[in-house]
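One file, model_20.cif, carrying mmCIF, C-alpha atoms:
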```cif
data_input
loop_
_atom_site.label_atom_id
_atom_site.label_comp_id
_atom_site.auth_asym_id
_atom_site.auth_seq_id
_atom_site.Cartn_x
_atom_site.Cartn_y
_atom_site.Cartn_z
CA MET E 1 26.72 -48.16 8.44
CA GLU E 2 23.50 -48.92 10.29
CA GLN E 3 20.41 -48.86 8.08
CA ILE E 4 18.08 -46.05 9.16
CA THR E 5 14.39 -46.39 8.32
CA PHE E 6 11.63 -43.97 9.34
CA LYS E 7 8.79 -41.92 7.92
CA LEU E 8 9.33 -38.26 7.04
CA GLU E 9 5.99 -37.35 8.67
CA GLU E 10 7.71 -37.86 12.03
CA PHE E 11 9.91 -34.80 11.44
CA GLU E 12 8.85 -31.17 11.41
CA GLY E 13 11.22 -30.25 8.60
CA PRO E 14 14.58 -30.85 6.95
CA LEU E 15 16.56 -29.44 9.89
CA ASP E 16 14.73 -31.79 12.23
CA LEU E 17 15.79 -34.72 10.05
CA LEU E 18 19.40 -33.51 9.96
CA LEU E 19 19.46 -33.25 13.76
CA HIS E 20 18.14 -36.81 13.97
CA LEU E 21 20.96 -38.02 11.72
CA ILE E 22 23.53 -36.18 13.86
CA THR E 23 22.17 -37.85 16.99
CA GLN E 24 21.93 -41.26 15.29
CA ASN E 25 25.56 -41.07 14.15
CA LYS E 26 26.72 -39.61 17.51
CA MET E 27 28.24 -36.59 15.82
CA ASN E 28 29.25 -33.37 17.55
CA ILE E 29 26.95 -30.63 16.28
CA TYR E 30 29.90 -28.19 16.36
CA ASP E 31 32.08 -30.54 14.28
CA ILE E 32 29.79 -32.31 11.84
CA GLU E 33 31.10 -34.66 9.18
CA ILE E 34 29.24 -32.81 6.47
CA VAL E 35 29.80 -35.18 3.56
CA GLN E 36 28.65 -38.24 5.52
CA LEU E 37 25.59 -36.34 6.75
CA ILE E 38 24.68 -35.21 3.23
CA ASP E 39 25.04 -38.72 1.83
CA GLN E 40 22.70 -40.17 4.47
CA TYR E 41 20.13 -37.41 4.02
CA VAL E 42 20.06 -37.73 0.21
CA SER E 43 19.86 -41.51 0.46
CA ILE E 44 16.80 -41.28 2.70
CA VAL E 45 15.03 -38.78 0.42
CA ASN E 46 15.78 -40.92 -2.64
CA ARG E 47 13.95 -43.83 -1.00
CA LEU E 48 10.72 -41.86 -0.77
CA PRO E 49 7.73 -43.45 -2.56
CA ALA E 50 6.40 -41.49 -5.53
CA HIS E 51 3.15 -40.59 -3.73
CA GLN E 52 5.14 -38.83 -0.96
CA MET E 53 7.17 -36.60 -3.23
CA GLU E 54 4.70 -33.71 -3.24
CA SER E 55 4.07 -33.73 0.52
CA ALA E 56 7.84 -33.89 1.21
CA SER E 57 8.77 -31.04 -1.15
CA GLU E 58 10.72 -29.10 1.51
CA PHE E 59 12.83 -32.20 2.26
CA ILE E 60 13.57 -32.61 -1.46
CA GLU E 61 14.53 -28.94 -1.76
CA MET E 62 16.99 -29.30 1.12
CA ALA E 63 18.43 -32.43 -0.53
CA ALA E 64 19.14 -30.42 -3.70
CA ARG E 65 20.89 -27.73 -1.64
CA LEU E 66 22.96 -30.34 0.18
CA VAL E 67 24.08 -31.94 -3.10
CA GLN E 68 25.27 -28.52 -4.26
CA MET E 69 27.11 -28.08 -0.94
CA LYS E 70 28.83 -31.44 -1.35
CA SER E 71 30.37 -30.32 -4.64
CA TYR E 72 32.15 -27.53 -2.75
CA PHE E 73 33.26 -29.82 0.09
CA LEU E 74 34.99 -32.15 -2.38
CA LEU E 75 37.17 -29.31 -3.66
CA PRO E 76 40.58 -28.90 -1.97
CA LYS E 77 40.87 -25.80 0.25
CA SER E 78 37.60 -24.24 -0.83
CA GLU E 79 36.66 -21.00 0.98
CA GLU E 80 33.10 -21.45 -0.21
CA ALA E 81 32.98 -24.88 1.47
CA GLU E 82 34.04 -23.40 4.81
CA ARG E 83 31.43 -20.67 4.50
CA ILE E 84 28.70 -23.21 3.75
CA ARG E 85 29.86 -25.43 6.63
CA GLU E 86 29.59 -22.51 9.08
CA GLU E 87 26.19 -21.49 7.69
CA LEU E 88 24.72 -25.01 7.96
CA THR E 89 26.20 -25.53 11.43
CA GLY E 90 24.72 -22.22 12.61
CA MET E 91 21.27 -23.13 11.29
CA LEU E 92 21.37 -26.51 13.06
CA ILE E 93 22.55 -24.96 16.36
CA GLU E 94 19.76 -22.36 16.30
CA TYR E 95 17.14 -24.97 15.43
CA SER E 96 18.41 -27.27 18.19
CA ALA E 97 18.15 -24.44 20.75
CA CYS E 98 14.60 -23.60 19.64
CA LYS E 99 13.61 -27.26 19.81
CA ARG E 100 14.93 -27.55 23.38
CA ALA E 101 13.07 -24.41 24.39
CA ALA E 102 9.86 -25.76 22.87
CA GLN E 103 10.33 -29.03 24.75
CA GLN E 104 10.78 -27.16 28.04
CA LEU E 105 7.65 -25.09 27.43
CA GLN E 106 5.70 -28.24 26.65
CA GLU E 107 6.87 -29.86 29.89
CA LEU E 108 5.83 -26.76 31.85
CA SER E 109 2.41 -26.72 30.22
CA GLU E 110 1.84 -30.36 31.07
CA GLN E 111 2.16 -29.48 34.77
CA VAL E 112 -0.75 -27.05 34.57
CA ASP E 113 -4.35 -28.21 34.79
CA HIS E 114 -6.43 -27.27 31.77
CA THR E 115 -10.16 -26.94 32.31
CA VAL E 116 -12.47 -26.46 29.39
CA ARG E 117 -16.19 -25.70 29.64
CA PRO E 118 -18.82 -25.32 26.94
CA PRO E 119 -19.26 -21.77 25.63
CA MET E 120 -21.80 -19.71 27.56
CA GLU E 121 -24.90 -18.47 25.84
CA MET E 122 -25.02 -14.70 26.00
CA GLU E 123 -27.96 -12.42 25.44
CA PHE E 124 -27.18 -9.47 23.20
CA ASP E 125 -28.94 -6.17 23.60
CA GLU E 126 -29.35 -4.78 20.10
CA LYS E 127 -30.36 -1.31 21.29
CA TYR E 128 -28.01 1.54 20.41
CA GLN E 129 -26.57 2.58 23.76
CA LEU E 130 -24.41 5.56 22.82
CA ARG E 131 -25.60 9.14 23.27
CA HIS E 132 -24.73 11.98 20.93
CA ASP E 133 -25.24 15.71 20.91
CA ILE E 134 -28.33 16.69 18.95
CA SER E 135 -26.30 19.00 16.70
CA LEU E 136 -24.24 16.03 15.49
CA LEU E 137 -27.41 14.12 14.67
CA GLU E 138 -28.75 17.12 12.74
CA GLN E 139 -25.51 17.35 10.75
CA ALA E 140 -25.61 13.64 9.96
CA TYR E 141 -29.24 13.86 8.86
CA ALA E 142 -28.50 16.90 6.69
CA ALA E 143 -25.56 15.12 5.08
CA VAL E 144 -27.67 12.05 4.29
CA GLU E 145 -30.48 14.21 2.95
CA GLY E 146 -28.01 16.14 0.79
CA ARG E 147 -26.66 12.94 -0.73
CA SER E 148 -30.18 11.73 -1.48
CA ARG E 149 -30.92 14.98 -3.25
CA ARG E 150 -27.79 14.69 -5.38
CA ARG E 151 -28.93 11.27 -6.54
CA GLN E 152 -32.09 12.78 -8.05
CA GLU E 153 -32.07 13.83 -11.68
CA PRO E 154 -31.62 17.62 -12.08
CA LEU E 155 -34.72 19.54 -13.04
CA GLN E 156 -34.95 21.79 -16.07
CA GLN E 157 -35.42 24.82 -13.82
CA THR E 158 -31.90 24.23 -12.49
CA PHE E 159 -30.33 25.01 -15.86
CA GLU E 160 -32.60 27.91 -16.82
CA PRO E 161 -30.43 30.60 -15.18
CA LEU E 162 -27.49 29.32 -17.22
CA THR E 163 -29.26 28.90 -20.54
CA THR E 164 -31.26 32.14 -20.36
CA ALA E 165 -28.37 34.34 -19.19
CA PRO E 166 -27.72 37.27 -21.55
CA PHE E 167 -24.76 36.84 -23.88
CA VAL E 168 -22.27 39.71 -23.86
CA SER E 169 -19.90 39.91 -26.81
CA VAL E 170 -16.26 40.94 -26.53
CA THR E 171 -16.72 43.49 -29.32
CA SER E 172 -19.42 45.33 -27.39
CA ARG E 173 -17.18 45.53 -24.33
CA ILE E 174 -14.26 46.85 -26.44
CA ILE E 175 -16.49 49.70 -27.54
CA HIS E 176 -17.61 50.21 -23.94
CA VAL E 177 -14.01 50.45 -22.68
CA LEU E 178 -12.88 52.87 -25.40
CA ARG E 179 -15.95 55.06 -24.94
CA GLY E 180 -15.43 55.20 -21.18
CA LEU E 181 -11.79 56.27 -21.62
CA MET E 182 -12.61 58.87 -24.26
CA THR E 183 -15.36 60.49 -22.15
CA GLY E 184 -13.31 60.32 -18.96
CA ARG E 185 -15.96 58.19 -17.25
CA VAL E 186 -13.44 55.33 -16.79
CA GLN E 187 -9.95 56.05 -15.50
CA ARG E 188 -8.95 52.86 -13.64
CA LEU E 189 -9.11 49.17 -14.45
CA ARG E 190 -11.35 48.29 -11.50
CA GLU E 191 -14.01 50.74 -12.70
CA LEU E 192 -14.70 48.49 -15.68
CA PHE E 193 -15.95 45.69 -13.43
CA VAL E 194 -19.14 46.23 -11.44
CA LYS E 195 -20.31 44.00 -8.62
CA GLY E 196 -23.78 43.55 -10.02
CA GLY E 197 -22.58 42.53 -13.46
CA SER E 198 -23.19 39.07 -14.87
CA ARG E 199 -20.46 36.49 -15.29
CA SER E 200 -20.69 36.78 -19.07
CA GLN E 201 -20.20 40.55 -18.85
CA THR E 202 -17.21 40.21 -16.53
CA VAL E 203 -15.49 37.66 -18.77
CA ALA E 204 -16.20 39.67 -21.92
CA THR E 205 -14.79 42.84 -20.29
CA PHE E 206 -11.64 41.04 -19.21
CA LEU E 207 -11.07 39.67 -22.72
CA ALA E 208 -11.76 43.10 -24.20
CA VAL E 209 -9.07 44.69 -22.03
CA LEU E 210 -6.57 41.99 -23.03
CA GLU E 211 -7.36 42.52 -26.71
CA LEU E 212 -6.93 46.29 -26.46
CA VAL E 213 -3.61 45.91 -24.63
CA ARG E 214 -2.39 43.40 -27.20
CA ALA E 215 -3.39 45.73 -30.04
CA GLY E 216 -1.58 48.64 -28.38
CA ARG E 217 -4.75 50.71 -28.02
CA ILE E 218 -4.59 51.13 -24.24
CA VAL E 219 -1.94 50.91 -21.52
CA ILE E 220 -2.39 49.69 -17.94
CA ASN E 221 -0.11 51.72 -15.67
CA GLU E 222 1.47 50.55 -12.41
CA ASP E 223 -1.23 52.36 -10.36
CA GLU E 224 -3.92 50.45 -12.34
CA SER E 225 -4.88 53.60 -14.22
CA LEU E 226 -5.78 53.27 -17.90
CA SER E 227 -4.63 55.48 -20.71
CA MET E 228 -5.18 55.42 -24.43
CA LYS E 229 -2.27 55.44 -26.83
CA LYS E 230 -2.31 58.17 -29.39
CA ARG E 231 -2.70 56.72 -32.81
CA THR E 232 -0.21 58.03 -35.35
CA ARG E 233 -1.16 58.72 -38.93
CA GLY E 234 -1.16 55.59 -40.96
CA ASN E 235 -2.17 53.31 -38.03
#
```
With the file now loaded, output its structure as structure tokens.
Amino acid sequence: MEQITFKLEEFEGPLDLLLHLITQNKMNIYDIEIVQLIDQYVSIVNRLPAHQMESASEFIEMAARLVQMKSYFLLPKSEEAERIREELTGMLIEYSACKRAAQQLQELSEQVDHTVRPPMEMEFDEKYQLRHDISLLEQAYAAVEGRSRRRQEPLQQTFEPLTTAPFVSVTSRIIHVLRGLMTGRVQRLRELFVKGGSRSQTVATFLAVLELVRAGRIVINEDESLSMKKRTRGN
């Protein structure tokens, strides 16, 4: 067999090297002598100097795959060997077609004149050229101003309405509900809640109603009317 010597840098990848070996041995790409091709490829990779091992890692990886393939080819009537043969042949055919297309494109590009000039110096106008409706600008300004205000530390006056709000106990509202029902001043649930009442009063009233219902003292009917349960002796 003719001794083949070359540098791996001349090839774009493992498939490029395999195509070179096919051409060198005058093989038919559709009927490759796989074992002979693998032996030549592995022999070439094994002759690599130590300092080239890292740069030729993809060639070494392909060599490992080819050695594994060879173990299947040596088996008699191996279906796996036929599958691998078809897979490798298909990869080489596709790569060969792509390489021919790239060569044709390169030849076409060589027929076209390429003119290169230095980059032009351009003057940039840094003025803001867009125009916006004044309402959008006002909204943007208000949004920015609002964010700046939120960054400021809250003042003590902000919390005074919360800290100085009157505290309404649930017990006082229970008495208020029962008294309203007994005097007839309150007949429906909504009458217990007034619009001008404080949040503490509203919450305390709501909890008072729940406590009275739970204790069986009052009943809320389907029409939202309230009625007191009659207490039997001993309760």
Explicit residue set for the PyMOL selection byres ((chain E and resi 33) around 12), as a tab-separated table (two decimals) with C-alpha atoms, in the coordinates of the input:
```tsv
chain	number	residue	atom	x	y	z
E	18	LEU	CA	19.40	-33.51	9.96
E	21	LEU	CA	20.96	-38.02	11.72
E	22	ILE	CA	23.53	-36.18	13.86
E	25	ASN	CA	25.56	-41.07	14.15
E	26	LYS	CA	26.72	-39.61	17.51
E	27	MET	CA	28.24	-36.59	15.82
E	28	ASN	CA	29.25	-33.37	17.55
E	29	ILE	CA	26.95	-30.63	16.28
E	30	TYR	CA	29.90	-28.19	16.36
E	31	ASP	CA	32.08	-30.54	14.28
E	32	ILE	CA	29.79	-32.31	11.84
E	34	ILE	CA	29.24	-32.81	6.47
E	35	VAL	CA	29.80	-35.18	3.56
E	36	GLN	CA	28.65	-38.24	5.52
E	37	LEU	CA	25.59	-36.34	6.75
E	38	ILE	CA	24.68	-35.21	3.23
E	39	ASP	CA	25.04	-38.72	1.83
E	40	GLN	CA	22.70	-40.17	4.47
E	70	LYS	CA	28.83	-31.44	-1.35
E	73	PHE	CA	33.26	-29.82	0.09
E	85	ARG	CA	29.86	-25.43	6.63
E	88	LEU	CA	24.72	-25.01	7.96
E	89	THR	CA	26.20	-25.53	11.43
```
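Checking E:Val144, E:Ala204, E:Leu189, E:Glu126 one by one against Ser169 in chain E, counting all atoms listed in the file, you find the shortest gap at E:Ala204.
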Next on the checklist: Going by the chain IDs and residue numbers used in this file, which residues fall under the PyMOL selection byres ((chain E and resi 223) around 12)? Write them as number ranges by chain.
Outcome noted: E: 187-190, 219-222, 224-227
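Once Tyr95 in chain E and its same-chain neighbours fewer than 3 positions away are set aside, Leu15, Asp16, Met91, Leu92, Cys98 and Lys99 of chain E remain within 8 Å of it when counting all atoms listed in the file.
Atom pair CA of Arg173 in chain E / CA of Ala208 in chain E: separated by 5.9 Å.
Across the structure, CA of Gly90 in chain E and CA of Leu19 in chain E are spaced 12.3 Å apart.
Between CA of Ser96 in chain E and CA of Ile84 in chain E lies a distance of 18.2 Å.
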Reference answer for the PyMOL selection byres ((chain E and resi 170) around 10), as a PyMOL selection string: chain E and resi 167-169+171-176+200-201+203-209+211
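Each of E:Glu123, E:Ala143, E:Glu110, E:Tyr41 was compared to Arg65 in chain E using all atoms listed in the file, and E:Tyr41 turns out to be the nearest.
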